[in-house]
Structure formats: structure tokens, C-alpha cells
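Asker: Data: entry_2.tsv, TSV, C-alpha atoms and all ligand atoms.
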```
chain	number	residue	atom	x	y	z
A	1	MET	CA	200.37	-85.11	274.99
A	2	LYS	CA	201.34	-81.52	275.56
A	3	ILE	CA	201.91	-80.50	279.20
A	4	ASP	CA	202.33	-76.93	280.43
A	5	ILE	CA	203.19	-76.29	284.06
A	6	VAL	CA	202.93	-72.85	285.64
A	7	SER	CA	204.82	-72.21	288.87
A	8	VAL	CA	206.96	-69.61	290.64
A	9	PHE	CA	209.59	-72.39	290.83
A	10	PRO	CA	209.73	-73.70	287.24
A	11	GLU	CA	213.24	-75.17	287.84
A	12	PHE	CA	211.60	-77.60	290.26
A	13	PHE	CA	210.40	-79.50	287.17
A	14	ASP	CA	213.91	-80.06	285.79
A	15	VAL	CA	213.65	-83.51	287.44
A	16	LEU	CA	211.11	-84.51	284.78
A	17	ARG	CA	214.05	-84.84	282.33
A	18	LEU	CA	215.17	-87.95	284.23
A	19	SER	CA	214.22	-91.57	283.77
A	20	LEU	CA	211.17	-92.76	281.83
A	21	LEU	CA	209.65	-89.27	281.70
A	22	GLY	CA	212.79	-87.98	279.99
A	23	LYS	CA	212.68	-90.89	277.52
A	24	ALA	CA	209.01	-90.24	276.75
A	25	GLN	CA	209.93	-86.64	275.86
A	26	ASP	CA	212.85	-87.78	273.70
A	27	LYS	CA	210.49	-90.19	271.91
A	28	GLY	CA	208.05	-87.32	271.27
A	29	LEU	CA	205.28	-89.07	273.23
A	30	ILE	CA	204.94	-86.06	275.54
A	31	SER	CA	206.28	-82.52	275.57
A	32	ILE	CA	206.63	-80.71	278.89
A	33	ALA	CA	207.17	-76.96	279.32
A	34	ALA	CA	207.49	-75.36	282.77
A	35	HIS	CA	206.68	-71.63	282.82
A	36	ASP	CA	207.53	-68.97	285.40
A	37	LEU	CA	204.33	-67.27	286.52
A	38	ARG	CA	206.34	-64.10	287.24
A	39	ASP	CA	206.91	-63.72	283.47
A	40	TRP	CA	203.28	-62.52	283.31
A	41	THR	CA	203.68	-59.77	285.94
A	42	HIS	CA	204.10	-56.09	284.97
A	43	ASP	CA	205.39	-54.55	288.22
A	44	VAL	CA	209.06	-54.18	289.16
A	45	HIS	CA	208.72	-56.61	292.08
A	46	HIS	CA	207.05	-59.32	289.94
A	47	CYS	CA	204.36	-59.65	292.57
A	48	VAL	CA	202.05	-62.70	292.29
A	49	ASP	CA	200.24	-62.66	295.64
A	50	ASP	CA	198.34	-60.45	298.04
A	51	THR	CA	196.72	-60.63	301.50
A	52	PRO	CA	193.49	-62.64	301.86
A	53	VAL	CA	190.26	-60.64	301.62
A	54	GLY	CA	188.44	-61.08	304.92
A	55	GLY	CA	191.71	-61.39	306.83
A	56	GLY	CA	193.77	-64.34	307.99
A	57	ALA	CA	197.31	-65.60	307.73
A	58	GLY	CA	199.42	-65.98	304.60
A	59	MET	CA	199.11	-64.75	301.05
A	60	VAL	CA	196.80	-65.64	298.17
A	61	MET	CA	197.83	-65.74	294.51
A	62	LYS	CA	196.35	-62.88	292.48
A	63	PRO	CA	193.86	-63.66	289.71
A	64	GLU	CA	195.08	-61.04	287.17
A	65	VAL	CA	198.55	-62.57	286.73
A	66	TRP	CA	197.14	-66.09	286.43
A	67	GLY	CA	194.52	-64.83	283.99
A	68	GLU	CA	197.07	-63.36	281.58
A	69	CYS	CA	199.28	-66.45	281.85
A	70	LEU	CA	196.51	-69.01	281.31
A	71	ASP	CA	194.94	-66.97	278.47
A	72	ASP	CA	198.30	-67.13	276.66
A	73	LEU	CA	198.72	-70.87	277.22
A	74	LEU	CA	195.15	-71.58	276.17
A	75	ARG	CA	195.44	-69.40	273.06
A	76	ALA	CA	198.24	-71.65	271.83
A	77	ASP	CA	195.95	-74.67	272.16
A	78	ALA	CA	194.49	-76.52	269.20
A	79	GLY	CA	192.79	-79.46	270.95
A	80	ARG	CA	190.78	-79.76	274.17
A	81	PRO	CA	192.83	-78.47	277.10
A	82	THR	CA	192.36	-79.62	280.70
A	83	LEU	CA	193.34	-77.23	283.47
A	84	ILE	CA	194.51	-78.88	286.71
A	85	PHE	CA	194.98	-76.95	289.97
A	86	PRO	CA	196.64	-78.87	292.83
A	87	ASN	CA	194.73	-77.93	295.97
A	88	PRO	CA	194.89	-79.65	299.41
A	89	SER	CA	191.21	-78.81	299.95
A	90	ALA	CA	190.00	-80.51	296.76
A	91	PRO	CA	188.82	-84.10	296.06
A	92	LEU	CA	191.51	-86.80	296.15
A	93	PHE	CA	193.29	-87.62	292.89
A	94	THR	CA	192.91	-91.36	292.19
A	95	GLN	CA	194.09	-93.95	289.69
A	96	SER	CA	190.82	-93.59	287.78
A	97	ASP	CA	191.49	-89.84	287.35
A	98	ALA	CA	194.97	-90.73	286.09
A	99	THR	CA	193.50	-93.23	283.63
A	100	GLU	CA	190.94	-90.73	282.34
A	101	LEU	CA	193.49	-87.92	281.98
A	102	SER	CA	196.00	-90.16	280.19
A	103	GLY	CA	193.74	-89.76	277.14
A	104	ALA	CA	193.90	-85.94	277.17
A	105	ASP	CA	195.88	-84.06	274.52
A	106	HIS	CA	196.79	-80.94	276.53
A	107	LEU	CA	197.18	-80.60	280.30
A	108	ILE	CA	197.95	-77.32	282.04
A	109	PHE	CA	198.99	-77.55	285.71
A	110	GLY	CA	198.62	-74.33	287.72
A	111	CYS	CA	200.74	-74.63	290.86
A	112	GLY	CA	199.72	-72.35	293.71
A	113	ARG	CA	202.07	-71.44	296.54
A	114	TYR	CA	201.45	-69.86	299.94
A	115	GLU	CA	197.86	-70.19	301.16
A	116	GLY	CA	196.55	-70.92	297.68
A	117	TYR	CA	195.07	-69.06	294.71
A	118	ASP	CA	192.06	-66.80	294.24
A	119	ALA	CA	188.98	-69.04	293.88
A	120	ARG	CA	187.78	-67.04	290.86
A	121	ILE	CA	190.61	-68.41	288.71
A	122	PRO	CA	189.17	-71.94	288.29
A	123	GLU	CA	185.64	-70.51	288.40
A	124	HIS	CA	186.35	-68.21	285.46
A	125	TYR	CA	187.84	-70.89	283.19
A	126	ARG	CA	185.07	-73.35	284.09
A	127	ALA	CA	182.55	-70.68	283.05
A	128	CYS	CA	184.46	-70.39	279.73
A	129	GLY	CA	183.62	-74.07	279.12
A	130	ILE	CA	187.10	-75.38	279.84
A	131	ASP	CA	187.60	-78.71	281.67
A	132	VAL	CA	188.97	-77.49	285.02
A	133	ARG	CA	190.01	-79.94	287.75
A	134	GLU	CA	191.16	-79.30	291.32
A	135	TYR	CA	192.78	-82.22	293.14
A	136	SER	CA	194.56	-83.05	296.39
A	137	ILE	CA	197.09	-85.91	296.42
A	138	GLY	CA	196.56	-86.93	300.05
A	139	ASP	CA	195.58	-85.93	303.55
A	140	TYR	CA	198.70	-83.97	304.46
A	141	VAL	CA	199.89	-80.44	303.71
A	142	LEU	CA	202.65	-79.49	301.25
A	143	ASN	CA	204.17	-76.03	300.76
A	144	GLY	CA	202.74	-75.67	297.30
A	145	GLY	CA	201.30	-77.47	294.30
A	146	GLU	CA	204.63	-78.39	292.69
A	147	VAL	CA	205.18	-81.79	294.32
A	148	ALA	CA	201.49	-82.64	293.83
A	149	ALA	CA	201.63	-81.64	290.14
A	150	ALA	CA	204.75	-83.79	289.60
A	151	ALA	CA	203.05	-86.76	291.28
A	152	MET	CA	199.87	-86.43	289.18
A	153	LEU	CA	201.85	-85.86	286.01
A	154	GLU	CA	203.84	-89.04	286.58
A	155	ALA	CA	200.71	-91.09	287.39
A	156	ILE	CA	199.00	-89.81	284.22
A	157	THR	CA	201.82	-89.99	281.67
A	158	ARG	CA	202.96	-93.54	282.54
A	159	LEU	CA	199.54	-94.73	281.35
A	160	ILE	CA	200.00	-93.26	277.85
A	161	PRO	CA	200.34	-96.16	275.37
A	162	GLY	CA	204.02	-96.66	274.53
A	163	PHE	CA	205.28	-94.97	277.69
A	164	MET	CA	206.15	-98.13	279.62
A	165	GLY	CA	208.72	-100.63	278.40
A	166	ASN	CA	206.45	-103.48	279.52
A	167	PRO	CA	202.75	-102.54	279.33
A	168	GLU	CA	201.82	-105.65	281.37
A	169	SER	CA	203.31	-104.11	284.49
A	170	ILE	CA	200.43	-101.61	284.39
A	171	VAL	CA	197.74	-104.30	284.19
A	172	GLU	CA	198.78	-106.12	287.37
A	173	GLU	CA	199.52	-103.21	289.65
A	174	SER	CA	197.64	-101.83	292.63
A	175	TYR	CA	194.54	-99.63	292.29
A	176	THR	CA	193.95	-100.74	288.70
A	177	GLY	CA	190.53	-101.83	287.52
A	178	ARG	CA	187.22	-102.50	289.17
A	179	ASN	CA	188.51	-105.05	291.66
A	180	ALA	CA	191.46	-103.04	292.93
A	181	LEU	CA	193.56	-104.59	295.71
A	182	LEU	CA	196.97	-103.68	297.08
A	183	GLU	CA	199.59	-105.65	295.21
A	184	HIS	CA	201.12	-108.83	296.66
A	185	ARG	CA	204.72	-108.66	297.91
A	186	GLN	CA	207.51	-109.35	295.42
A	187	TYR	CA	210.72	-111.35	295.74
A	188	THR	CA	213.73	-112.00	293.53
A	189	LYS	CA	216.75	-114.34	293.87
A	190	PRO	CA	218.46	-115.57	296.03
A	191	ALA	CA	215.86	-117.91	297.55
A	192	GLN	CA	217.45	-117.38	300.95
A	193	TRP	CA	218.94	-114.11	302.20
A	194	ARG	CA	220.14	-113.35	305.74
A	195	GLY	CA	218.06	-116.22	307.08
A	196	LEU	CA	214.90	-115.07	305.29
A	197	ASP	CA	213.29	-117.44	302.76
A	198	VAL	CA	211.25	-116.65	299.66
A	199	PRO	CA	207.82	-118.34	300.19
A	200	THR	CA	208.39	-121.89	298.86
A	201	ILE	CA	205.21	-121.93	296.78
A	202	LEU	CA	206.69	-119.19	294.54
A	203	LEU	CA	209.53	-121.60	293.67
A	204	SER	CA	207.14	-124.46	292.81
A	205	GLY	CA	206.70	-123.62	289.14
A	206	ASP	CA	202.95	-124.27	289.51
A	207	HIS	CA	201.46	-121.09	287.99
A	208	GLY	CA	197.94	-121.81	289.24
A	209	LYS	CA	199.18	-122.17	292.81
A	210	VAL	CA	201.42	-119.11	292.50
A	211	ASP	CA	198.52	-116.98	291.20
A	212	ARG	CA	196.25	-118.13	294.02
A	213	TYR	CA	198.96	-117.54	296.65
A	214	ARG	CA	199.50	-114.01	295.32
A	215	ARG	CA	195.80	-113.25	295.18
A	216	ASP	CA	195.32	-114.46	298.79
A	217	GLU	CA	198.32	-112.46	299.90
A	218	ALA	CA	196.97	-109.34	298.15
A	219	MET	CA	193.58	-109.76	299.82
A	220	ARG	CA	195.08	-110.33	303.28
A	221	ARG	CA	197.31	-107.26	302.95
A	222	THR	CA	194.43	-105.14	301.70
A	223	ASP	CA	192.17	-106.38	304.51
A	224	ARG	CA	194.82	-105.39	307.06
A	225	ILE	CA	196.09	-102.10	305.60
A	226	ARG	CA	193.22	-100.72	303.48
A	227	PRO	CA	189.91	-102.37	304.46
A	228	ASP	CA	188.14	-99.49	302.64
A	229	LEU	CA	189.34	-101.05	299.36
A	230	ILE	CA	187.83	-104.44	300.31
A	231	GLY	CA	184.55	-102.63	300.94
A	232	ARG	CA	184.59	-101.44	297.32
A	233	LEU	CA	185.04	-104.89	295.75
A	234	VAL	CA	182.07	-106.25	293.81
A	235	CYS	CA	181.01	-109.60	295.32
A	236	SER	CA	179.61	-110.98	292.05
A	237	GLU	CA	183.05	-110.53	290.44
A	238	LEU	CA	184.89	-112.56	293.11
A	239	ASP	CA	185.64	-116.27	292.68
A	240	LYS	CA	184.94	-119.06	295.20
A	241	ALA	CA	188.39	-118.91	296.76
A	242	ASP	CA	188.15	-115.10	297.11
A	243	LEU	CA	184.80	-115.42	298.86
A	244	ALA	CA	186.08	-118.18	301.19
A	245	LEU	CA	189.11	-116.13	302.19
A	246	LEU	CA	187.18	-112.90	302.75
A	247	GLY	CA	184.55	-114.83	304.72
A	248	SER	CA	187.27	-116.22	306.99
A	249	LEU	CA	188.58	-112.67	307.47
A	250	GLY	CA	185.21	-111.54	308.81
A	251	TRP	CA	183.48	-110.07	305.75
A	252	ASP	CA	179.79	-110.51	304.91
A	253	LEU	CA	179.54	-111.20	301.19
A	254	SER	CA	175.77	-111.42	300.76
A	255	GLY	CA	175.35	-107.86	299.41
A	256	GLU	CA	176.73	-106.06	296.34
A	257	HIS	CA	179.91	-105.12	298.23
A	258	PRO	CA	181.63	-106.85	301.16
A	259	THR	CA	180.71	-105.44	304.57
A	260	ARG	CA	182.51	-106.03	307.86
A	261	ILE	CA	180.73	-108.44	310.24
A	262	GLU	CA	180.69	-106.61	313.59
B	1	LIG	CL1	197.47	-80.63	295.75
B	1	LIG	N1	198.72	-79.07	297.45
B	1	LIG	C1	199.25	-78.81	298.65
B	1	LIG	N2	199.78	-77.62	298.90
B	1	LIG	N3	199.28	-79.69	299.64
B	1	LIG	C2	198.75	-80.88	299.37
B	1	LIG	C3	198.18	-81.21	298.14
B	1	LIG	C4	198.16	-80.27	297.19
B	1	LIG	N4	197.72	-82.47	298.20
B	1	LIG	C5	198.00	-82.89	299.43
B	1	LIG	N5	198.61	-81.95	300.12
```
The structure in this file should be written as C-alpha cells.

Answerer:
Amino acid sequence: MKIDIVSVFPEFFDVLRLSLLGKAQDKGLISIAAHDLRDWTHDVHHCVDDTPVGGGAGMVMKPEVWGECLDDLLRADAGRPTLIFPNPSAPLFTQSDATELSGADHLIFGCGRYEGYDARIPEHYRACGIDVREYSIGDYVLNGGEVAAAAMLEAITRLIPGFMGNPESIVEESYTGRNALLEHRQYTKPAQWRGLDVPTILLSGDHGKVDRYRRDEAMRRTDRIRPDLIGRLVCSELDKADLALLGSLGWDLSGEHPTRIE
């Protein structure tokens, strides 16, 4: 997978050399290039923004500079590129978006700063028939798209076959698959630490019991912290023990999805 990132702070992405992302680049699984948007300006001040039309606070990134930059990056493309613009006012980026995009062959992240970018930029490339996505990474405000792009990039690339040392760790983790729950808590040795015990059932060696304990724990945690995820489970895909537990936690399981009993 080829990844281009456009930003006025391209050095921000030096961190992507570290850890598994660095290894994936060394292995040739992905190639990442961070570009300085100001390289596509023609004025002495390398200006990339201007005041918002219609008034208001802050600055908006100019379409002409982005247009020249993205045209160049798209011209170099042989496959099907996907353009991604981090945007706090866009739909939430989810694990299923990450899964879908992990099959792409070229991603281009366009990181806006200040109050954002001219809305005609994504509109133009969409009209050209390019796959253009705008995503937020959560309900909070960042100074620019850089942190959001790094988060999405990490979520996407770790799903590329061969990226992870142990591919099984992807199968079991939170938010994966149709019946997504928060993951159960994890423990390692020693069995006792500062007066706190590992749950004894995990030491039993009985895999069936351990699996059930973990599943119950995952459902209880999800019920408490993210009941919206319980509401998205599919009742017909739950086993007897799942249904009994959710029933005891106050869920009605007679429909397609669980609903809270008031
Ligand atoms: Cl994608 N950008 C910015 N600036 N803030 C955010 C965000 C994106 N997602 C959540 N907050």
C-alpha cells in the first residue's frame, strides 16, 4: 500500500518510522511519504490559507494550493487512489472503515489546519470520480488533521495481511466483526500482586470455562461502558449463555437487536 500524507507539518509524521509501522515499511508492505503543502505554493510567503467567505473566526485552507498538490499526487497513481480528509464535522471513522480501507492500494491523507479546508476541494475530486472520504476520529476538537490522520493510518495499516506478528490478535480484539464487544480484561503473571489476585478461573486450565468467563466479562463491561454496542448485537447470533446474561442485565432479546427494558 502506498500512502501519501499532505500537511503543513510533514515532520509530524516522522513518528511513523517507529515500531511496527517502521517495520512494515522496511518489509516493503507499505510506503509512506509525507509532503509539505507549502511546496505547492508560488508566493514568497508560502501562503496556504485565507479568511472565511461570509465572515467568522480563523482561516480556511485555499483550494488552489491543494488542487495543484493533489493533482500531482494523483498523476503519479497507477491504481485506484482513495483521498481521505480528516474533518471533525464528518462521520465517525470506525473499525469497519479501517477494514475496508486496508484493502486499498493508494491512500492520500489531506490534513487541514486552522478552521479547515475549502469545501470545494473534496467536492471537486469526488466529481472527478475519485473515492473521497471525510472522517472524524471522535467527538472532541484537535488543532488539525495530523493526529487524526496518524490514528486512521495506524488502524488501517495494522489490518494489512503480514503486518502483525500474530494475526490472531486481530481476530479477538474489540470492535471486530458483527458481534463486536469491548474486550475482556487481561492479566499476566504473577497470580498475586500487591494484594490483588488474578481471577482464579483463569488459572484453572479449563479452556471452556475461561472462554465463557471472558465472554461474560466482555458483555458486562460493554453493558456498563458502551450499551450502544449491546444494542447493535444480533440476537439470533448469540448463544444461550449470552442471552441469559443479557436478560439478567435488563435487555429484551425478543427482537432482531437487544433493547433496554425500561
Ligand atoms: Cl479528523 N480533525 C480535527 N481537527 N479534530 C478532530 C478530528 C479531526 N476528529 C476529531 N476531532

Asker: Can you measure atom CA of A:Cys235 to atom CA of A:Arg220 for me? One decimal in Å is fine.

Answerer: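 Value for the atom CA of A:Cys235-atom CA of A:Arg220 distance: 16.2 Å.
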
Asker: Give the padded box for ligand LIG 1 (chain B) as AutoDock Vina command-line options: axis-aligned, covering all atoms listed in the file, 6 Å on each side, centre and edge lengths in Å to one decimal.

Answerer:
```
--center_x 198.6 --center_y -80.3 --center_z 297.9 --size_x 14.3 --size_y 17.3 --size_z 16.4
```

Asker: Write out as a list in words each polymer residue (protein, DNA or RNA) that has an atom no more than 6 Å from ligand LIG 1 (chain B), with all atoms listed in the file counted.

Answerer: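 Using all atoms listed in the file, I find these residues within 6 Å of ligand LIG 1 (chain B): Pro86, Asn87, Pro88, Tyr135, Ser136, Ile137, Gly138, Asp139, Tyr140, Val141, Leu142, Asn143, Gly144, Gly145 and Ala148 of chain A.
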
Asker: Find the residue from A:Leu182, A:Leu203, A:Leu18, A:Ala191 that sits nearest to A:Leu229; use all atoms listed in the file when measuring.

Answerer: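 Distance minimum relative to A:Leu229 lands on A:Leu182.
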
Asker: Which residues are near A:Ala98? Cut-off 10 Å, only C-alpha atoms, ignore same chain within fewer than 2 positions. Put them as number ranges by chain.

Answerer: A: 93-96, 100-103, 152-160

Asker: When you draw a straight line from atom CA of A:Tyr117 to atom CA of A:Cys69, how long is it in Å?

Answerer: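 Going from atom CA of A:Tyr117 over to atom CA of A:Cys69, I get 13.8 Å.
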
Asker: Hey, what's within 8 Å of A:Val48 if we count all atoms listed in the file and toss same-chain stuff fewer than 2 positions away? As a list in words, please?

Answerer: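 Neighbouring residues, sequence-local ones excluded: Leu37, Arg38, Thr41, His46, Asp50, Met61, Lys62 and Val65 of chain A.
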
Asker: Can you list, as number ranges by chain, every protein, DNA or RNA residue that comes within 12 Å of A:Gly162 when you count all atoms listed in the file, leaving out same-chain residues fewer than 5 positions away?

Answerer: A: 20-21, 23-25, 27-30, 102, 157, 167-168, 170

Asker: Tell me, in Å to one decimal, how far atom CA of A:Ile201 is from atom CA of A:Tyr213.

Answerer: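 Atom-to-atom, atom CA of A:Ile201 and atom CA of A:Tyr213 are spaced 7.6 Å apart.
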
Asker: For A:Ala90, which residue out of A:Arg113, A:Arg133, A:Arg214, A:His124 is the nearest one, using all atoms listed in the file?

Answerer: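 Under the stated criterion, the closest residue is A:Arg133.
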
Asker: Write out as JSON, numbers by chain the residues lying within 12 Å of A:Lys189, counting all atoms listed in the file and excluding same-chain residues fewer than 4 positions away.

Answerer: {"A": [193, 196, 197, 198, 199, 202, 203]}

Asker: When you look at A:Pro81 with a cut-off of 9 Å (counting only C-alpha atoms), what residues show up, excluding the ones that are within fewer than 3 positions of it in the same chain? I need them as a list in words.

Answerer: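 Result of the neighbour search: Leu74, Asp77, Ala78, Ala104, Asp105, His106, Leu107, Ile108, Ile130, Asp131 and Val132 of chain A.
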
Asker: Under the rule that all atoms listed in the file are counted, which of A:Ser19, A:Thr222, A:Ser204, A:Ser7 is the nearest residue to A:Phe163?

Answerer: A:Ser19

Asker: Rank nothing, just name the residue among A:Asp26, A:Asp72, A:Asp216, A:Asp49 nearest to A:Arg185, using all atoms listed in the file.

Answerer: A:Asp216
